[in-house]
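Q: Got a structure for you, upload-v5.cif, holding mmCIF, C-alpha atoms, pLDDT in the B column; chains and numbers go by the auth columns.
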data_work
#
loop_
_atom_site.group_PDB
_atom_site.id
_atom_site.type_symbol
_atom_site.label_atom_id
_atom_site.label_comp_id
_atom_site.label_asym_id
_atom_site.label_seq_id
_atom_site.Cartn_x
_atom_site.Cartn_y
_atom_site.Cartn_z
_atom_site.B_iso_or_equiv
_atom_site.auth_seq_id
_atom_site.auth_asym_id
ATOM 1 C CA MET A 1 -30.131 -4.231 19.398 67.00 1 A
ATOM 2 C CA ARG A 2 -32.599 -2.878 21.948 70.00 2 A
ATOM 3 C CA LYS A 3 -35.284 -5.315 20.815 71.00 3 A
ATOM 4 C CA ASN A 4 -33.014 -8.350 21.240 70.00 4 A
ATOM 5 C CA GLU A 5 -30.464 -7.423 23.904 72.00 5 A
ATOM 6 C CA GLY A 6 -30.017 -11.007 25.050 74.00 6 A
ATOM 7 C CA SER A 7 -29.379 -12.391 21.579 77.00 7 A
ATOM 8 C CA ARG A 8 -26.200 -14.340 20.908 83.00 8 A
ATOM 9 C CA VAL A 9 -25.772 -12.408 17.669 80.00 9 A
ATOM 10 C CA TRP A 10 -24.172 -9.452 19.449 84.00 10 A
ATOM 11 C CA GLU A 11 -21.686 -11.657 21.262 87.00 11 A
ATOM 12 C CA ILE A 12 -20.801 -13.429 18.007 87.00 12 A
ATOM 13 C CA LEU A 13 -20.209 -10.064 16.303 86.00 13 A
ATOM 14 C CA ARG A 14 -18.046 -8.945 19.256 88.00 14 A
ATOM 15 C CA ALA A 15 -16.102 -12.190 18.907 91.00 15 A
ATOM 16 C CA ASN A 16 -15.653 -11.496 15.176 90.00 16 A
ATOM 17 C CA TRP A 17 -14.195 -8.093 16.026 91.00 17 A
ATOM 18 C CA ARG A 18 -11.922 -9.554 18.703 93.00 18 A
ATOM 19 C CA ALA A 19 -10.694 -12.183 16.237 94.00 19 A
ATOM 20 C CA LEU A 20 -9.957 -9.496 13.638 94.00 20 A
ATOM 21 C CA ALA A 21 -8.139 -7.340 16.214 95.00 21 A
ATOM 22 C CA ASP A 22 -6.163 -10.320 17.556 95.00 22 A
ATOM 23 C CA HIS A 23 -5.188 -11.322 14.015 94.00 23 A
ATOM 24 C CA SER A 24 -4.015 -7.766 13.314 94.00 24 A
ATOM 25 C CA ARG A 25 -1.924 -7.687 16.496 95.00 25 A
ATOM 26 C CA ALA A 26 -0.380 -11.047 15.639 95.00 26 A
ATOM 27 C CA CYS A 27 0.474 -9.864 12.114 94.00 27 A
ATOM 28 C CA GLN A 28 2.047 -6.707 13.509 94.00 28 A
ATOM 29 C CA ALA A 29 4.127 -8.773 15.936 95.00 29 A
ATOM 30 C CA ARG A 30 5.392 -10.946 13.067 94.00 30 A
ATOM 31 C CA MET A 31 6.263 -7.828 11.082 92.00 31 A
ATOM 32 C CA LEU A 32 8.242 -6.427 14.003 92.00 32 A
ATOM 33 C CA GLN A 33 10.184 -9.705 14.207 93.00 33 A
ATOM 34 C CA GLY A 34 11.392 -9.180 10.663 90.00 34 A
ATOM 35 C CA GLU A 35 8.908 -11.226 8.639 90.00 35 A
ATOM 36 C CA PRO A 36 8.296 -9.706 5.189 91.00 36 A
ATOM 37 C CA TYR A 37 4.985 -7.924 4.763 89.00 37 A
ATOM 38 C CA ASN A 38 2.865 -5.948 2.358 91.00 38 A
ATOM 39 C CA ARG A 39 2.789 -2.271 3.339 93.00 39 A
ATOM 40 C CA ASN A 40 -0.937 -1.925 2.575 94.00 40 A
ATOM 41 C CA GLU A 41 -1.763 -4.875 4.800 93.00 41 A
ATOM 42 C CA ALA A 42 0.525 -3.473 7.476 94.00 42 A
ATOM 43 C CA ARG A 43 -1.301 -0.151 7.403 93.00 43 A
ATOM 44 C CA ALA A 44 -4.691 -1.889 7.492 94.00 44 A
ATOM 45 C CA HIS A 45 -3.617 -3.990 10.494 94.00 45 A
ATOM 46 C CA ASN A 46 -2.358 -0.822 12.166 92.00 46 A
ATOM 47 C CA GLU A 47 -5.741 0.867 11.673 92.00 47 A
ATOM 48 C CA ILE A 48 -7.548 -2.130 13.173 93.00 48 A
ATOM 49 C CA THR A 49 -5.332 -2.120 16.276 93.00 49 A
ATOM 50 C CA LYS A 50 -5.779 1.644 16.672 91.00 50 A
ATOM 51 C CA LEU A 51 -9.542 1.223 16.468 91.00 51 A
ATOM 52 C CA ASP A 52 -9.508 -1.683 18.895 91.00 52 A
ATOM 53 C CA GLY A 53 -7.799 0.406 21.534 85.00 53 A
ATOM 54 C CA ALA A 54 -9.974 3.489 21.097 89.00 54 A
ATOM 55 C CA VAL A 55 -13.512 2.364 20.204 90.00 55 A
ATOM 56 C CA GLU A 56 -15.895 -0.122 21.747 91.00 56 A
ATOM 57 C CA PRO A 57 -16.866 -2.992 19.416 89.00 57 A
ATOM 58 C CA VAL A 58 -20.554 -2.146 19.909 88.00 58 A
ATOM 59 C CA GLU A 59 -20.018 1.272 18.334 91.00 59 A
ATOM 60 C CA ILE A 60 -18.320 -0.295 15.332 90.00 60 A
ATOM 61 C CA MET A 61 -21.166 -2.801 14.983 87.00 61 A
ATOM 62 C CA LYS A 62 -23.752 -0.011 15.083 87.00 62 A
ATOM 63 C CA VAL A 63 -22.021 1.972 12.357 90.00 63 A
ATOM 64 C CA VAL A 64 -21.533 -1.041 10.096 89.00 64 A
ATOM 65 C CA VAL A 65 -25.117 -2.266 10.486 86.00 65 A
ATOM 66 C CA ALA A 66 -26.448 1.273 9.979 86.00 66 A
ATOM 67 C CA LEU A 67 -24.537 1.554 6.700 90.00 67 A
ATOM 68 C CA TYR A 68 -25.895 -1.800 5.556 86.00 68 A
ATOM 69 C CA LEU A 69 -29.407 -0.521 6.344 85.00 69 A
ATOM 70 C CA LEU A 70 -28.700 2.635 4.360 86.00 70 A
ATOM 71 C CA GLN A 71 -27.413 0.612 1.430 86.00 71 A
ATOM 72 C CA HIS A 72 -30.502 -1.598 1.560 84.00 72 A
ATOM 73 C CA GLU A 73 -32.911 1.357 1.679 84.00 73 A
ATOM 74 C CA ARG A 74 -31.071 3.562 -0.827 86.00 74 A
ATOM 75 C CA PRO A 75 -28.931 1.413 -3.110 83.00 75 A
ATOM 76 C CA ALA A 76 -28.362 4.293 -5.556 87.00 76 A
ATOM 77 C CA ARG A 77 -26.230 6.067 -2.927 87.00 77 A
ATOM 78 C CA PHE A 78 -23.484 3.508 -3.491 88.00 78 A
ATOM 79 C CA PRO A 79 -22.778 2.946 -7.193 91.00 79 A
ATOM 80 C CA SER A 80 -20.606 -0.111 -6.506 91.00 80 A
ATOM 81 C CA ASP A 81 -19.550 -2.489 -3.766 88.00 81 A
ATOM 82 C CA ASP A 82 -16.197 -0.732 -3.613 90.00 82 A
ATOM 83 C CA ALA A 83 -17.928 2.616 -3.072 91.00 83 A
ATOM 84 C CA PHE A 84 -19.946 1.107 -0.232 90.00 84 A
ATOM 85 C CA ARG A 85 -16.904 -0.450 1.396 91.00 85 A
ATOM 86 C CA PHE A 86 -14.873 2.745 1.092 93.00 86 A
ATOM 87 C CA GLN A 87 -17.660 4.660 2.835 92.00 87 A
ATOM 88 C CA LEU A 88 -17.876 1.908 5.427 92.00 88 A
ATOM 89 C CA VAL A 89 -14.181 2.312 6.183 93.00 89 A
ATOM 90 C CA ARG A 90 -14.449 6.107 6.314 91.00 90 A
ATOM 91 C CA ARG A 91 -17.316 5.993 8.805 91.00 91 A
ATOM 92 C CA VAL A 92 -15.650 3.392 11.032 92.00 92 A
ATOM 93 C CA ILE A 93 -12.264 5.119 11.005 90.00 93 A
ATOM 94 C CA ARG A 94 -13.916 8.393 12.020 88.00 94 A
ATOM 95 C CA LEU A 95 -15.242 6.875 15.217 88.00 95 A
ATOM 96 C CA THR A 96 -11.930 7.851 16.760 85.00 96 A
ATOM 97 C CA ASP A 97 -9.861 11.022 16.664 80.00 97 A
ATOM 98 C CA ILE A 98 -6.650 9.126 15.953 76.00 98 A
ATOM 99 C CA ASN A 99 -6.765 9.920 12.222 76.00 99 A
ATOM 100 C CA VAL A 100 -7.695 13.565 12.672 79.00 100 A
ATOM 101 C CA GLY A 101 -5.244 16.294 11.800 81.00 101 A
ATOM 102 C CA VAL A 102 -5.401 20.014 12.383 84.00 102 A
ATOM 103 C CA SER A 103 -4.951 22.599 9.662 85.00 103 A
ATOM 104 C CA HIS A 104 -4.970 26.361 9.884 85.00 104 A
ATOM 105 C CA ASN A 105 -7.571 28.258 7.847 83.00 105 A
ATOM 106 C CA HIS A 106 -5.954 31.558 6.893 87.00 106 A
ATOM 107 C CA LYS A 107 -9.239 33.218 5.920 88.00 107 A
ATOM 108 C CA THR A 108 -10.914 32.686 9.290 87.00 108 A
ATOM 109 C CA GLY A 109 -7.757 32.488 11.383 87.00 109 A
ATOM 110 C CA ARG A 110 -8.928 29.297 13.064 89.00 110 A
ATOM 111 C CA ALA A 111 -7.684 25.765 13.356 87.00 111 A
ATOM 112 C CA VAL A 112 -9.772 23.299 11.360 85.00 112 A
ATOM 113 C CA ARG A 113 -10.087 19.553 11.890 83.00 113 A
ATOM 114 C CA VAL A 114 -9.005 17.583 8.834 82.00 114 A
ATOM 115 C CA TYR A 115 -9.865 13.940 8.285 80.00 115 A
ATOM 116 C CA ARG A 116 -7.211 12.054 6.408 80.00 116 A
ATOM 117 C CA ASP A 117 -8.509 9.343 4.118 84.00 117 A
ATOM 118 C CA LEU A 118 -6.638 6.104 3.831 88.00 118 A
ATOM 119 C CA PRO A 119 -5.030 5.057 0.544 91.00 119 A
ATOM 120 C CA PRO A 120 -7.466 3.153 -1.711 92.00 120 A
ATOM 121 C CA ARG A 121 -5.700 -0.199 -1.385 95.00 121 A
ATOM 122 C CA VAL A 122 -5.769 0.029 2.395 94.00 122 A
ATOM 123 C CA SER A 123 -9.448 1.038 2.346 93.00 123 A
ATOM 124 C CA ARG A 124 -10.249 -1.871 0.063 94.00 124 A
ATOM 125 C CA LEU A 125 -8.590 -4.318 2.484 94.00 125 A
ATOM 126 C CA LEU A 126 -10.240 -2.816 5.560 94.00 126 A
ATOM 127 C CA GLY A 127 -13.612 -2.766 3.833 93.00 127 A
ATOM 128 C CA SER A 128 -13.390 -6.424 2.936 90.00 128 A
ATOM 129 C CA TRP A 129 -12.374 -7.328 6.511 92.00 129 A
ATOM 130 C CA LEU A 130 -15.240 -5.316 8.025 92.00 130 A
ATOM 131 C CA ALA A 131 -17.699 -6.807 5.533 89.00 131 A
ATOM 132 C CA GLU A 132 -16.485 -10.281 6.404 86.00 132 A
ATOM 133 C CA ALA A 133 -16.822 -9.646 10.135 85.00 133 A
ATOM 134 C CA PHE A 134 -20.172 -7.815 10.162 84.00 134 A
ATOM 135 C CA GLY A 135 -21.640 -7.936 6.660 81.00 135 A
ATOM 136 C CA GLY A 136 -23.761 -11.049 7.042 76.00 136 A
ATOM 137 C CA ALA A 137 -25.510 -9.620 10.074 74.00 137 A
ATOM 138 C CA GLY A 138 -25.919 -6.252 8.365 71.00 138 A
ATOM 139 C CA VAL A 139 -27.591 -7.758 5.307 71.00 139 A
ATOM 140 C CA TYR A 140 -29.865 -9.963 7.414 74.00 140 A
ATOM 141 C CA LEU A 141 -30.918 -7.107 9.700 73.00 141 A
ATOM 142 C CA ALA A 142 -31.621 -4.925 6.659 74.00 142 A
ATOM 143 C CA GLY A 143 -33.923 -7.671 5.373 71.00 143 A
ATOM 144 C CA LEU A 144 -35.695 -7.838 8.747 68.00 144 A
ATOM 145 C CA ASP A 145 -36.181 -4.086 8.688 69.00 145 A
ATOM 146 C CA THR A 146 -37.789 -4.309 5.253 71.00 146 A
ATOM 147 C CA THR A 147 -40.094 -7.091 6.453 71.00 147 A
ATOM 148 C CA GLU A 148 -41.149 -5.002 9.468 68.00 148 A
ATOM 149 C CA LYS A 149 -41.888 -2.005 7.266 70.00 149 A
ATOM 150 C CA ARG A 150 -43.965 -4.118 4.863 70.00 150 A
ATOM 151 C CA SER A 151 -45.921 -5.555 7.779 70.00 151 A
ATOM 152 C CA ALA A 152 -46.575 -2.092 9.189 68.00 152 A
ATOM 153 C CA SER A 153 -47.686 -0.748 5.805 70.00 153 A
ATOM 154 C CA THR A 154 -49.992 -3.752 5.309 74.00 154 A
ATOM 155 C CA LYS A 155 -51.608 -3.113 8.693 73.00 155 A
ATOM 156 C CA ALA A 156 -51.990 0.569 7.864 73.00 156 A
ATOM 157 C CA ALA A 157 -53.621 -0.322 4.532 72.00 157 A
ATOM 158 C CA GLU A 158 -56.032 -2.705 6.307 74.00 158 A
ATOM 159 C CA LEU A 159 -56.955 0.023 8.792 74.00 159 A
ATOM 160 C CA GLN A 160 -57.488 2.507 5.955 79.00 160 A
ATOM 161 C CA ALA A 161 -59.739 0.053 4.123 76.00 161 A
ATOM 162 C CA ALA A 162 -61.744 -0.611 7.285 75.00 162 A
ATOM 163 C CA LEU A 163 -62.148 3.123 7.901 72.00 163 A
ATOM 164 C CA GLU A 164 -63.299 3.696 4.327 78.00 164 A
ATOM 165 C CA ALA A 165 -65.865 0.894 4.756 79.00 165 A
ATOM 166 C CA LEU A 166 -67.417 2.834 7.686 78.00 166 A
ATOM 167 C CA ALA A 167 -68.372 5.746 5.462 67.00 167 A
#
How would this structure read if it were set down as structure tokens?
A:
Amino acid sequence: MRKNEGSRVWEILRANWRALADHSRACQARMLQGEPYNRNEARAHNEITKLDGAVEPVEIMKVVVALYLLQHERPARFPSDDAFRFQLVRRVIRLTDINVGVSHNHKTGRAVRVYRDLPPRVSRLLGSWLAEAFGGAGVYLAGLDTTEKRSASTKAAELQAALEALA
């Protein structure tokens, strides 16, 4: 993001987030008017609206793109697409303290923060929505990162060869 601050990509990704948040608010409004709904979708829409009010879209973009970079560099960390999306949801949800509970640890006598995970069906929905909104950019940026690293390693190899030729 620092390299290309003026790029339209960031505004498009912000617009994707705004569209997702607006859609979630509209769905919640329809639910409140009595329209039938799926409880998992309702919970997923609720999580999106909570995030929209508490976290800047740029922070969400950074987390999502960072996870796509991690997946690209270390694919064995995520055994399946579902595992990746569940972790994506966990990391994004934890950007805010809204889903944090407090539990008492009797051994230490202290209050402990407890993160509550979402039900799997809700996580699956949220993960697919986040992947749809930011996934294309995440995959592309991961590819650019790989290209940069290859270029840097090629230059380093050329320098090493030139230095060995001096001896």
Q: What separation in Å, quoted to one decimal, exists between CA of Asn99 in chain A and CA of Ala54 in chain A?
A: 11.4 Å
Q: Could you pull out every residue with an atom within 12 Å of (-6.0, -1.0, 15.7), file coordinates, counting only C-alpha atoms, and send them as a VMD selection string?
A: chain A and resid 17 to 18 20 to 28 42 to 57 92 to 93 96 98 to 99 126
Q: With C-alpha atoms retained, write the just-selected residues as a PDB file, keeping the file's coordinate frame.
A:
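File written: part.pdb
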ATOM      1  CA  TRP A  17     -14.195  -8.093  16.026  1.00 91.00           C
ATOM      2  CA  ARG A  18     -11.922  -9.554  18.703  1.00 93.00           C
ATOM      3  CA  LEU A  20      -9.957  -9.496  13.638  1.00 94.00           C
ATOM      4  CA  ALA A  21      -8.139  -7.340  16.214  1.00 95.00           C
ATOM      5  CA  ASP A  22      -6.163 -10.320  17.556  1.00 95.00           C
ATOM      6  CA  HIS A  23      -5.188 -11.322  14.015  1.00 94.00           C
ATOM      7  CA  SER A  24      -4.015  -7.766  13.314  1.00 94.00           C
ATOM      8  CA  ARG A  25      -1.924  -7.687  16.496  1.00 95.00           C
ATOM      9  CA  ALA A  26      -0.380 -11.047  15.639  1.00 95.00           C
ATOM     10  CA  CYS A  27       0.474  -9.864  12.114  1.00 94.00           C
ATOM     11  CA  GLN A  28       2.047  -6.707  13.509  1.00 94.00           C
ATOM     12  CA  ALA A  42       0.525  -3.473   7.476  1.00 94.00           C
ATOM     13  CA  ARG A  43      -1.301  -0.151   7.403  1.00 93.00           C
ATOM     14  CA  ALA A  44      -4.691  -1.889   7.492  1.00 94.00           C
ATOM     15  CA  HIS A  45      -3.617  -3.990  10.494  1.00 94.00           C
ATOM     16  CA  ASN A  46      -2.358  -0.822  12.166  1.00 92.00           C
ATOM     17  CA  GLU A  47      -5.741   0.867  11.673  1.00 92.00           C
ATOM     18  CA  ILE A  48      -7.548  -2.130  13.173  1.00 93.00           C
ATOM     19  CA  THR A  49      -5.332  -2.120  16.276  1.00 93.00           C
ATOM     20  CA  LYS A  50      -5.779   1.644  16.672  1.00 91.00           C
ATOM     21  CA  LEU A  51      -9.542   1.223  16.468  1.00 91.00           C
ATOM     22  CA  ASP A  52      -9.508  -1.683  18.895  1.00 91.00           C
ATOM     23  CA  GLY A  53      -7.799   0.406  21.534  1.00 85.00           C
ATOM     24  CA  ALA A  54      -9.974   3.489  21.097  1.00 89.00           C
ATOM     25  CA  VAL A  55     -13.512   2.364  20.204  1.00 90.00           C
ATOM     26  CA  GLU A  56     -15.895  -0.122  21.747  1.00 91.00           C
ATOM     27  CA  PRO A  57     -16.866  -2.992  19.416  1.00 89.00           C
ATOM     28  CA  VAL A  92     -15.650   3.392  11.032  1.00 92.00           C
ATOM     29  CA  ILE A  93     -12.264   5.119  11.005  1.00 90.00           C
ATOM     30  CA  THR A  96     -11.930   7.851  16.760  1.00 85.00           C
ATOM     31  CA  ILE A  98      -6.650   9.126  15.953  1.00 76.00           C
ATOM     32  CA  ASN A  99      -6.765   9.920  12.222  1.00 76.00           C
ATOM     33  CA  LEU A 126     -10.240  -2.816   5.560  1.00 94.00           C
TER      34      LEU A 126
END
Q: Identify which of the residues A:Val9, A:Ile60, A:Ala29, A:Leu70 lies closest to Thr146 in chain A, counting all atoms listed in the file when measuring atom-to-atom distances.
A: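 Of A:Val9, A:Ile60, A:Ala29, A:Leu70, the one nearest Thr146 in chain A is A:Leu70, counting all atoms listed in the file.
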Q: Please, what distance in Å, to one decimal, runs between CA of Asn40 in chain A and CA of Ser123 in chain A?
A: 9.0 Å
Q: Determine the axis-aligned bounding box of all atoms of range 7-19 of chain A present in the file, pad each side by 6 Å, and express its centre and edge lengths in Å to one decimal place as AutoDock Vina command-line options.
A:
--center_x -20.0 --center_y -11.2 --center_z 18.4 --size_x 30.7 --size_y 18.2 --size_z 18.4
Q: Hey, can you check how far CA of Arg94 in chain A sits from CA of Phe78 in chain A?
A: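 One can read the CA of Arg94 in chain A to CA of Phe78 in chain A distance as 18.9 Å.
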Q: Counting all atoms listed in the file, what is within 10 Å of Glu73 in chain A, bar same-chain residues fewer than 3 positions away, as a CSV table (one decimal) with C-alpha atoms, in the coordinates of the input?
A:
chain,number,residue,atom,x,y,z
A,67,LEU,CA,-24.5,1.6,6.7
A,68,TYR,CA,-25.9,-1.8,5.6
A,69,LEU,CA,-29.4,-0.5,6.3
A,70,LEU,CA,-28.7,2.6,4.4
A,76,ALA,CA,-28.4,4.3,-5.6
A,77,ARG,CA,-26.2,6.1,-2.9
A,142,ALA,CA,-31.6,-4.9,6.7
A,143,GLY,CA,-33.9,-7.7,5.4
A,145,ASP,CA,-36.2,-4.1,8.7
A,146,THR,CA,-37.8,-4.3,5.3
Q: Report as a list in words the full result of the PyMOL selection byres ((chain A and resi 127) around 10) when it is applied to this structure.
A: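 Output of the PyMOL selection byres ((chain A and resi 127) around 10): Ala44, Asp81, Asp82, Ala83, Phe84, Arg85, Phe86, Gln87, Leu88, Val89, Arg90, Val92, Arg121, Val122, Ser123, Arg124, Leu125, Leu126, Ser128, Trp129, Leu130, Ala131, Glu132, Ala133 and Gly135 of chain A.
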Q: Measuring between all atoms listed in the file, which one of A:Arg14, A:Arg2, A:Lys107, A:Arg74 shows the shortest distance to Val58 in chain A?
A: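 Between A:Arg14, A:Arg2, A:Lys107, A:Arg74, the residue approaching Val58 in chain A most closely is A:Arg14.
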Q: With all atoms listed in the file as the atoms that count, which of A:Leu95, A:Leu141, A:Val112, A:Ala15 lies nearest to His72 in chain A?
A: A:Leu141
Q: Could you please give me, as a list in words, the residues of protein, DNA or RNA lying at most 9 Å from (-7.6, 17.1, 7.4) in the coordinate frame of the file, considering all atoms listed in the file?
A: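 Neighbouring residues, ordered by chain and number, come to Asn99, Val100, Gly101, Val102, Ser103, Val112, Arg113, Val114, Tyr115, Arg116 and Asp117 of chain A.
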